[in-house]
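Raw contents of target_25.pdb, PDB, C-alpha atoms:
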MODEL        1
ATOM      1  CA  MET A 763       2.964   6.404 -39.500
ATOM      2  CA  ASP A 764       1.187   7.795 -36.474
ATOM      3  CA  TYR A 765       3.297   6.991 -33.407
ATOM      4  CA  LEU A 766       1.348   9.253 -31.051
ATOM      5  CA  THR A 767      -1.937   7.419 -30.861
ATOM      6  CA  ARG A 768      -4.259   8.069 -27.906
ATOM      7  CA  ASP A 769      -3.483   4.643 -26.411
ATOM      8  CA  THR A 770       0.286   5.241 -26.631
ATOM      9  CA  VAL A 771       0.006   8.646 -24.983
ATOM     10  CA  MET A 772      -2.252   7.249 -22.203
ATOM     11  CA  LYS A 773       0.095   4.298 -21.537
ATOM     12  CA  ASN A 774       3.116   6.603 -21.288
ATOM     13  CA  THR A 775       1.193   9.057 -19.072
ATOM     14  CA  ASN A 776       0.105   6.219 -16.774
ATOM     15  CA  ARG A 777       3.674   4.897 -16.542
ATOM     16  CA  TYR A 778       4.995   8.366 -15.704
ATOM     17  CA  THR A 779       2.300   8.892 -13.055
ATOM     18  CA  ALA A 780       3.022   5.468 -11.541
ATOM     19  CA  PHE A 781       6.747   6.313 -11.495
ATOM     20  CA  LYS A 782       6.126   9.628  -9.689
ATOM     21  CA  LEU A 783       3.873   7.970  -7.105
ATOM     22  CA  THR A 784       6.390   5.167  -6.532
ATOM     23  CA  ALA A 785       9.198   7.710  -6.078
ATOM     24  CA  LEU A 786       7.082   9.645  -3.556
ATOM     25  CA  SER A 787       6.314   6.453  -1.649
ATOM     26  CA  LEU A 788      10.020   5.492  -1.556
ATOM     27  CA  ALA A 789      10.969   8.945  -0.268
ATOM     28  CA  VAL A 790       8.419   8.750   2.566
ATOM     29  CA  ASN A 791       9.601   5.241   3.497
ATOM     30  CA  ALA A 792      13.256   6.330   3.486
ATOM     31  CA  LEU A 793      12.401   9.187   5.840
ATOM     32  CA  LEU A 794      10.558   6.857   8.211
ATOM     33  CA  LEU A 795      13.373   4.284   8.165
ATOM     34  CA  THR A 796      15.961   6.964   8.911
ATOM     35  CA  SER A 797      14.027   8.229  11.915
ATOM     36  CA  ALA A 798      13.325   4.688  13.118
ATOM     37  CA  SER A 799      17.011   3.704  12.927
ATOM     38  CA  LEU A 800      17.881   6.484  15.377
ATOM     39  CA  GLN A 801      15.928   4.575  18.067
ATOM     40  CA  ALA A 802      17.340   1.076  17.562
ATOM     41  CA  LYS A 803      17.760   0.216  21.259
ATOM     42  CA  ASP A 804      15.903  -2.643  22.973
ATOM     43  CA  ASP A 805      15.283  -0.589  26.123
ATOM     44  CA  ILE A 806      12.539   1.664  24.692
ATOM     45  CA  ASN A 807       9.025   1.164  23.352
ATOM     46  CA  LYS A 808       8.849   1.697  19.583
ATOM     47  CA  PHE A 809       6.173   2.990  17.248
ATOM     48  CA  TYR A 810       6.809   2.286  13.578
ATOM     49  CA  GLY A 811       4.993   2.451  10.275
ATOM     50  CA  ASP A 812       5.143   2.722   6.540
ATOM     51  CA  PHE A 813       3.004   4.155   3.780
ATOM     52  CA  ARG A 814       2.595   2.774   0.259
ATOM     53  CA  LEU A 815       0.890   4.836  -2.416
ATOM     54  CA  ARG A 816       0.154   2.741  -5.514
ATOM     55  CA  TYR A 817      -1.480   3.484  -8.865
ATOM     56  CA  GLU A 818      -2.770   0.692 -11.100
ATOM     57  CA  ASN A 819      -4.401   0.802 -14.521
ATOM     58  CA  VAL A 820      -6.044  -2.105 -16.320
ATOM     59  CA  SER A 821      -6.826  -1.781 -20.018
ATOM     60  CA  GLN A 822      -8.358  -5.004 -21.320
ATOM     61  CA  ASP A 823     -10.055  -5.936 -24.553
ATOM     62  CA  ASN A 824     -13.467  -6.628 -22.995
ATOM     63  CA  PRO A 825     -16.810  -4.821 -22.797
ATOM     64  CA  LEU A 826     -16.015  -3.427 -19.318
ATOM     65  CA  PRO A 827     -14.562   0.078 -18.874
ATOM     66  CA  ASN A 828     -10.848   0.360 -18.102
ATOM     67  CA  ALA A 829      -9.974   0.276 -14.418
ATOM     68  CA  ASN A 830      -7.975   2.887 -12.483
ATOM     69  CA  GLY A 831      -7.004   2.572  -8.861
ATOM     70  CA  LEU A 832      -4.981   4.788  -6.557
ATOM     71  CA  THR A 833      -4.621   3.175  -3.147
ATOM     72  CA  LEU A 834      -2.845   4.124   0.049
ATOM     73  CA  ARG A 835      -1.744   1.353   2.384
ATOM     74  CA  ILE A 836      -0.824   2.456   5.898
ATOM     75  CA  LYS A 837       0.860   0.001   8.240
ATOM     76  CA  LEU A 838       1.367   1.064  11.868
ATOM     77  CA  GLY A 839       2.837  -0.924  14.711
ATOM     78  CA  PHE A 840       3.905  -0.767  18.321
ATOM     79  CA  LYS A 841       6.562  -2.915  19.978
ATOM     80  CA  THR A 842       7.156  -2.838  23.717
ATOM     81  CA  ARG A 843      10.570  -2.867  25.300
ATOM     82  CA  VAL A 844      11.864  -6.132  26.771
ATOM     83  CA  VAL A 845      10.643  -6.583  30.352
ATOM     84  CA  GLU A 846      11.903  -9.691  32.157
ATOM     85  CA  GLY A 847      12.548 -11.324  28.786
ATOM     86  CA  PHE A 848       9.106 -10.594  27.300
ATOM     87  CA  THR A 849       8.103  -8.188  24.538
ATOM     88  CA  ASP A 850       4.779  -7.536  22.777
ATOM     89  CA  LEU A 851       4.010  -6.403  19.259
ATOM     90  CA  ILE A 852       0.852  -5.319  17.438
ATOM     91  CA  GLU A 853       0.648  -4.197  13.820
ATOM     92  CA  VAL A 854      -2.424  -2.789  12.046
ATOM     93  CA  GLU A 855      -2.846  -2.336   8.292
ATOM     94  CA  ASN A 856      -5.329  -0.124   6.441
ATOM     95  CA  ASN A 857      -5.906   0.004   2.691
ATOM     96  CA  THR A 858      -7.880   3.004   1.372
ATOM     97  CA  ALA A 859      -8.842   3.693  -2.241
ATOM     98  CA  LEU A 860      -8.274   7.302  -3.255
ATOM     99  CA  ILE A 861      -9.435   6.542  -6.813
ATOM    100  CA  ASP A 862     -11.720   3.498  -6.940
ATOM    101  CA  ASP A 863     -12.684   3.050 -10.582
ATOM    102  CA  TYR A 864     -12.207  -0.736 -10.394
ATOM    103  CA  SER A 865     -13.967  -3.873  -9.240
ATOM    104  CA  VAL A 866     -12.902  -6.453  -6.653
ATOM    105  CA  PRO A 867     -14.967  -9.605  -7.344
ATOM    106  CA  PRO A 868     -13.978 -11.651  -4.246
ATOM    107  CA  THR A 869     -15.399  -8.901  -2.017
ATOM    108  CA  GLY A 870     -18.409  -8.214  -4.253
ATOM    109  CA  ASP A 871     -17.320  -4.603  -4.752
ATOM    110  CA  ARG A 872     -18.519  -3.136  -8.100
ATOM    111  CA  VAL A 873     -18.585  -6.504  -9.869
ATOM    112  CA  GLY A 874     -19.157  -6.060 -13.600
ATOM    113  CA  GLU A 875     -18.780  -2.263 -13.533
ATOM    114  CA  PHE A 876     -15.024  -2.079 -14.276
ATOM    115  CA  SER A 877     -12.111  -4.366 -15.032
ATOM    116  CA  VAL A 878     -10.560  -6.067 -12.005
ATOM    117  CA  ILE A 879      -7.866  -4.676  -9.729
ATOM    118  CA  ALA A 880      -7.523  -6.971  -6.729
ATOM    119  CA  GLU A 881      -6.963  -4.261  -4.111
ATOM    120  CA  PRO A 882      -9.827  -4.356  -1.584
ATOM    121  CA  GLU A 883     -10.316  -1.630   0.998
ATOM    122  CA  GLY A 884     -10.198  -2.562   4.656
ATOM    123  CA  THR A 885      -8.478  -2.505   8.008
ATOM    124  CA  GLU A 886      -7.029  -5.530   9.774
ATOM    125  CA  ILE A 887      -4.648  -6.601  12.488
ATOM    126  CA  ASP A 888      -1.656  -7.761  10.488
ATOM    127  CA  GLN A 889       0.129  -9.372  13.414
ATOM    128  CA  ALA A 890      -0.003  -9.436  17.199
ATOM    129  CA  PHE A 891       2.152 -11.533  19.506
ATOM    130  CA  ILE A 892       4.049 -11.890  22.748
ATOM    131  CA  ALA A 893       7.655 -13.047  22.441
ATOM    132  CA  HIS A 894      10.249 -14.206  24.959
ATOM    133  CA  LYS A 895      13.946 -13.466  24.635
ATOM    134  CA  GLY A 896      15.943 -15.749  26.796
TER     135      GLY A 896
ENDMDL
END
Can you turn what I pasted into structure tokens?
Amino acid sequence: MDYLTRDTVMKNTNRYTAFKLTALSLAVNALLLTSASLQAKDDINKFYGDFRLRYENVSQDNPLPNANGLTLRIKLGFKTRVVEGFTDLIEVENNTALIDDYSVPPTGDRVGEFSVIAEPEGTEIDQAFIAHKG
């Protein structure tokens, strides 16, 4: 029996790569959370953020080529200190494809060229508000 077929080797390689990227992303997030927890007072303005590096692979039995995607999501925010009971917050999110061998049909990006990975590129305001603490 041949246990080391090309597909088996590729699946294991992709899993190992995804594991390494996930571990790197967790390490960066842990570092950011540690530094953010040192400034946990309500009397200062706060910048915060997180980074998510994600690898996806789609191997389907269809006429389209397999899809590979390596994306980096960056979320950055700013929260003001409480002034007379009010505080503001704005959070922006950006998703960038570092490897974009995939299609995203809802956005019309590369439809029919590759299998689908639903990870569109873009930048948006994730949330923005004014709150009152009273």
Given the file shown, enumerate the residues that the PyMOL selection byres ((chain A and resi 836) around 9) captures and present them as an MDAnalysis selection string. chainID A and resid 811:815 834:835 837:838 854:858
Go ahead and write the residues just picked, C-alpha atoms, as a tab-separated table (two decimals), in the coordinates of the input.
chain	number	residue	atom	x	y	z
A	811	GLY	CA	4.99	2.45	10.28
A	812	ASP	CA	5.14	2.72	6.54
A	813	PHE	CA	3.00	4.16	3.78
A	814	ARG	CA	2.60	2.77	0.26
A	815	LEU	CA	0.89	4.84	-2.42
A	834	LEU	CA	-2.84	4.12	0.05
A	835	ARG	CA	-1.74	1.35	2.38
A	837	LYS	CA	0.86	0.00	8.24
A	838	LEU	CA	1.37	1.06	11.87
A	854	VAL	CA	-2.42	-2.79	12.05
A	855	GLU	CA	-2.85	-2.34	8.29
A	856	ASN	CA	-5.33	-0.12	6.44
A	857	ASN	CA	-5.91	0.00	2.69
A	858	THR	CA	-7.88	3.00	1.37
If we count all atoms listed in the file and set the cut-off at 12 Å, which residues sit around A:Val873, ignoring sequence neighbours fewer than 6 positions away in its own chain? Please answer as a CSV table (one decimal) with C-alpha atoms, in the coordinates of the input.
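Resulting contents of part.csv:
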chain,number,residue,atom,x,y,z
A,826,LEU,CA,-16.0,-3.4,-19.3
A,827,PRO,CA,-14.6,0.1,-18.9
A,829,ALA,CA,-10.0,0.3,-14.4
A,863,ASP,CA,-12.7,3.0,-10.6
A,864,TYR,CA,-12.2,-0.7,-10.4
A,865,SER,CA,-14.0,-3.9,-9.2
A,866,VAL,CA,-12.9,-6.5,-6.7
A,867,PRO,CA,-15.0,-9.6,-7.3
A,879,ILE,CA,-7.9,-4.7,-9.7
A,880,ALA,CA,-7.5,-7.0,-6.7
Using only C-alpha atoms for the distances, tell me which of A:Thr849, A:Glu875, A:Ala859, A:Glu883 is nearest to A:Lys895.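 For A:Lys895, the nearest of the given residues is A:Thr849.
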Please measure the separation of atom CA of A:Asn824 and atom CA of A:Thr869, giving the value in Å to one decimal.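 Interatomic distance, atom CA of A:Asn824 to atom CA of A:Thr869: 21.2 Å.
Proximity to A:Gly831 was assessed for A:Glu853, A:Val844, A:Asp862, A:Asn807 counting all atoms listed in the file; the smallest distance is recorded for A:Asp862.
Across the model, the gap from atom CA of A:Glu886 to atom CA of A:Arg843 is 23.6 Å.
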Decode the PyMOL selection byres ((chain A and resi 848) around 8) for the given file into explicit residues and return them as a list of chain:residue names.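 The output of the PyMOL selection byres ((chain A and resi 848) around 8) on this file is A:Val844, A:Val845, A:Glu846, A:Gly847, A:Thr849, A:Asp850, A:Ile892, A:Ala893, A:His894, A:Lys895.
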I need the residue nearest A:Asn819 from this list: A:Phe876, A:Ile852, A:Lys841, A:Ile806. Use only C-alpha atoms for the distance.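 That would be A:Phe876, the residue with the smallest distance to A:Asn819.
Atom CA of A:Asn830 lies 7.5 Å from atom CA of A:Tyr817.
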From the list A:Gly839, A:Tyr810, A:Gly896, A:Arg816, which residue is nearest A:Glu881 when using all atoms listed in the file?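 Among A:Gly839, A:Tyr810, A:Gly896, A:Arg816, it is A:Arg816 that comes nearest to A:Glu881.
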Writing C-alpha atoms and nothing else, produce stretch 814-889 of chain A as a tab-separated table (two decimals), in the first residue's frame.
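Contents of part.tsv, as written:
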chain	number	residue	atom	x	y	z
A	814	ARG	CA	-5.32	37.51	12.60
A	815	LEU	CA	-3.27	35.65	10.03
A	816	ARG	CA	-5.27	32.82	8.44
A	817	TYR	CA	-4.50	30.22	5.78
A	818	GLU	CA	-7.28	28.34	3.99
A	819	ASN	CA	-7.14	25.63	1.34
A	820	VAL	CA	-10.07	24.27	-0.64
A	821	SER	CA	-9.64	21.04	-2.59
A	822	GLN	CA	-12.90	20.10	-4.29
A	823	ASP	CA	-13.81	17.52	-6.89
A	824	ASN	CA	-14.80	20.04	-9.58
A	825	PRO	CA	-13.23	21.40	-12.77
A	826	LEU	CA	-11.93	24.52	-10.97
A	827	PRO	CA	-8.36	24.70	-9.63
A	828	ASN	CA	-7.86	24.26	-5.89
A	829	ALA	CA	-8.04	27.47	-3.87
A	830	ASN	CA	-5.38	28.82	-1.49
A	831	GLY	CA	-5.79	31.92	0.61
A	832	LEU	CA	-3.54	33.59	3.15
A	833	THR	CA	-5.26	36.61	4.67
A	834	LEU	CA	-4.33	39.12	7.32
A	835	ARG	CA	-7.12	40.81	9.25
A	836	ILE	CA	-6.11	43.91	11.20
A	837	LYS	CA	-8.54	45.44	13.67
A	838	LEU	CA	-7.60	48.78	15.26
A	839	GLY	CA	-9.60	50.88	17.66
A	840	PHE	CA	-9.52	53.96	19.82
A	841	LYS	CA	-11.56	54.55	22.97
A	842	THR	CA	-11.60	57.91	24.73
A	843	ARG	CA	-11.46	58.32	28.47
A	844	VAL	CA	-14.69	59.10	30.33
A	845	VAL	CA	-15.37	62.84	30.35
A	846	GLU	CA	-18.46	63.96	32.28
A	847	GLY	CA	-19.90	60.47	31.89
A	848	PHE	CA	-19.35	60.20	28.12
A	849	THR	CA	-16.90	58.05	26.16
A	850	ASP	CA	-16.40	57.48	22.42
A	851	LEU	CA	-15.17	54.47	20.51
A	852	ILE	CA	-14.23	53.82	16.88
A	853	GLU	CA	-12.97	50.53	15.47
A	854	VAL	CA	-11.70	49.91	11.92
A	855	GLU	CA	-11.12	46.52	10.30
A	856	ASN	CA	-9.01	45.70	7.24
A	857	ASN	CA	-8.76	42.34	5.48
A	858	THR	CA	-5.85	41.91	3.04
A	859	ALA	CA	-5.07	38.84	0.94
A	860	LEU	CA	-1.39	37.92	0.97
A	861	ILE	CA	-2.08	34.88	-1.24
A	862	ASP	CA	-5.26	35.30	-3.28
A	863	ASP	CA	-5.62	32.13	-5.34
A	864	TYR	CA	-9.37	31.92	-4.64
A	865	SER	CA	-12.66	33.38	-5.77
A	866	VAL	CA	-15.27	35.33	-3.81
A	867	PRO	CA	-18.53	35.14	-5.82
A	868	PRO	CA	-20.63	37.63	-3.79
A	869	THR	CA	-18.08	40.36	-4.55
A	870	GLY	CA	-17.50	39.24	-8.15
A	871	ASP	CA	-13.81	38.65	-7.47
A	872	ARG	CA	-12.29	35.95	-9.75
A	873	VAL	CA	-15.57	34.09	-10.21
A	874	GLY	CA	-15.01	30.77	-11.97
A	875	GLU	CA	-11.20	30.95	-11.79
A	876	PHE	CA	-10.74	29.06	-8.48
A	877	SER	CA	-12.79	27.28	-5.85
A	878	VAL	CA	-14.50	29.55	-3.33
A	879	ILE	CA	-13.03	30.93	-0.12
A	880	ALA	CA	-15.42	33.52	1.28
A	881	GLU	CA	-12.79	35.98	2.52
A	882	PRO	CA	-13.19	39.28	0.62
A	883	GLU	CA	-10.61	42.04	0.85
A	884	GLY	CA	-11.69	45.41	2.19
A	885	THR	CA	-11.66	48.04	4.89
A	886	GLU	CA	-14.65	49.06	6.98
A	887	ILE	CA	-15.67	50.81	10.15
A	888	ASP	CA	-16.54	47.89	12.40
A	889	GLN	CA	-18.15	49.99	15.11
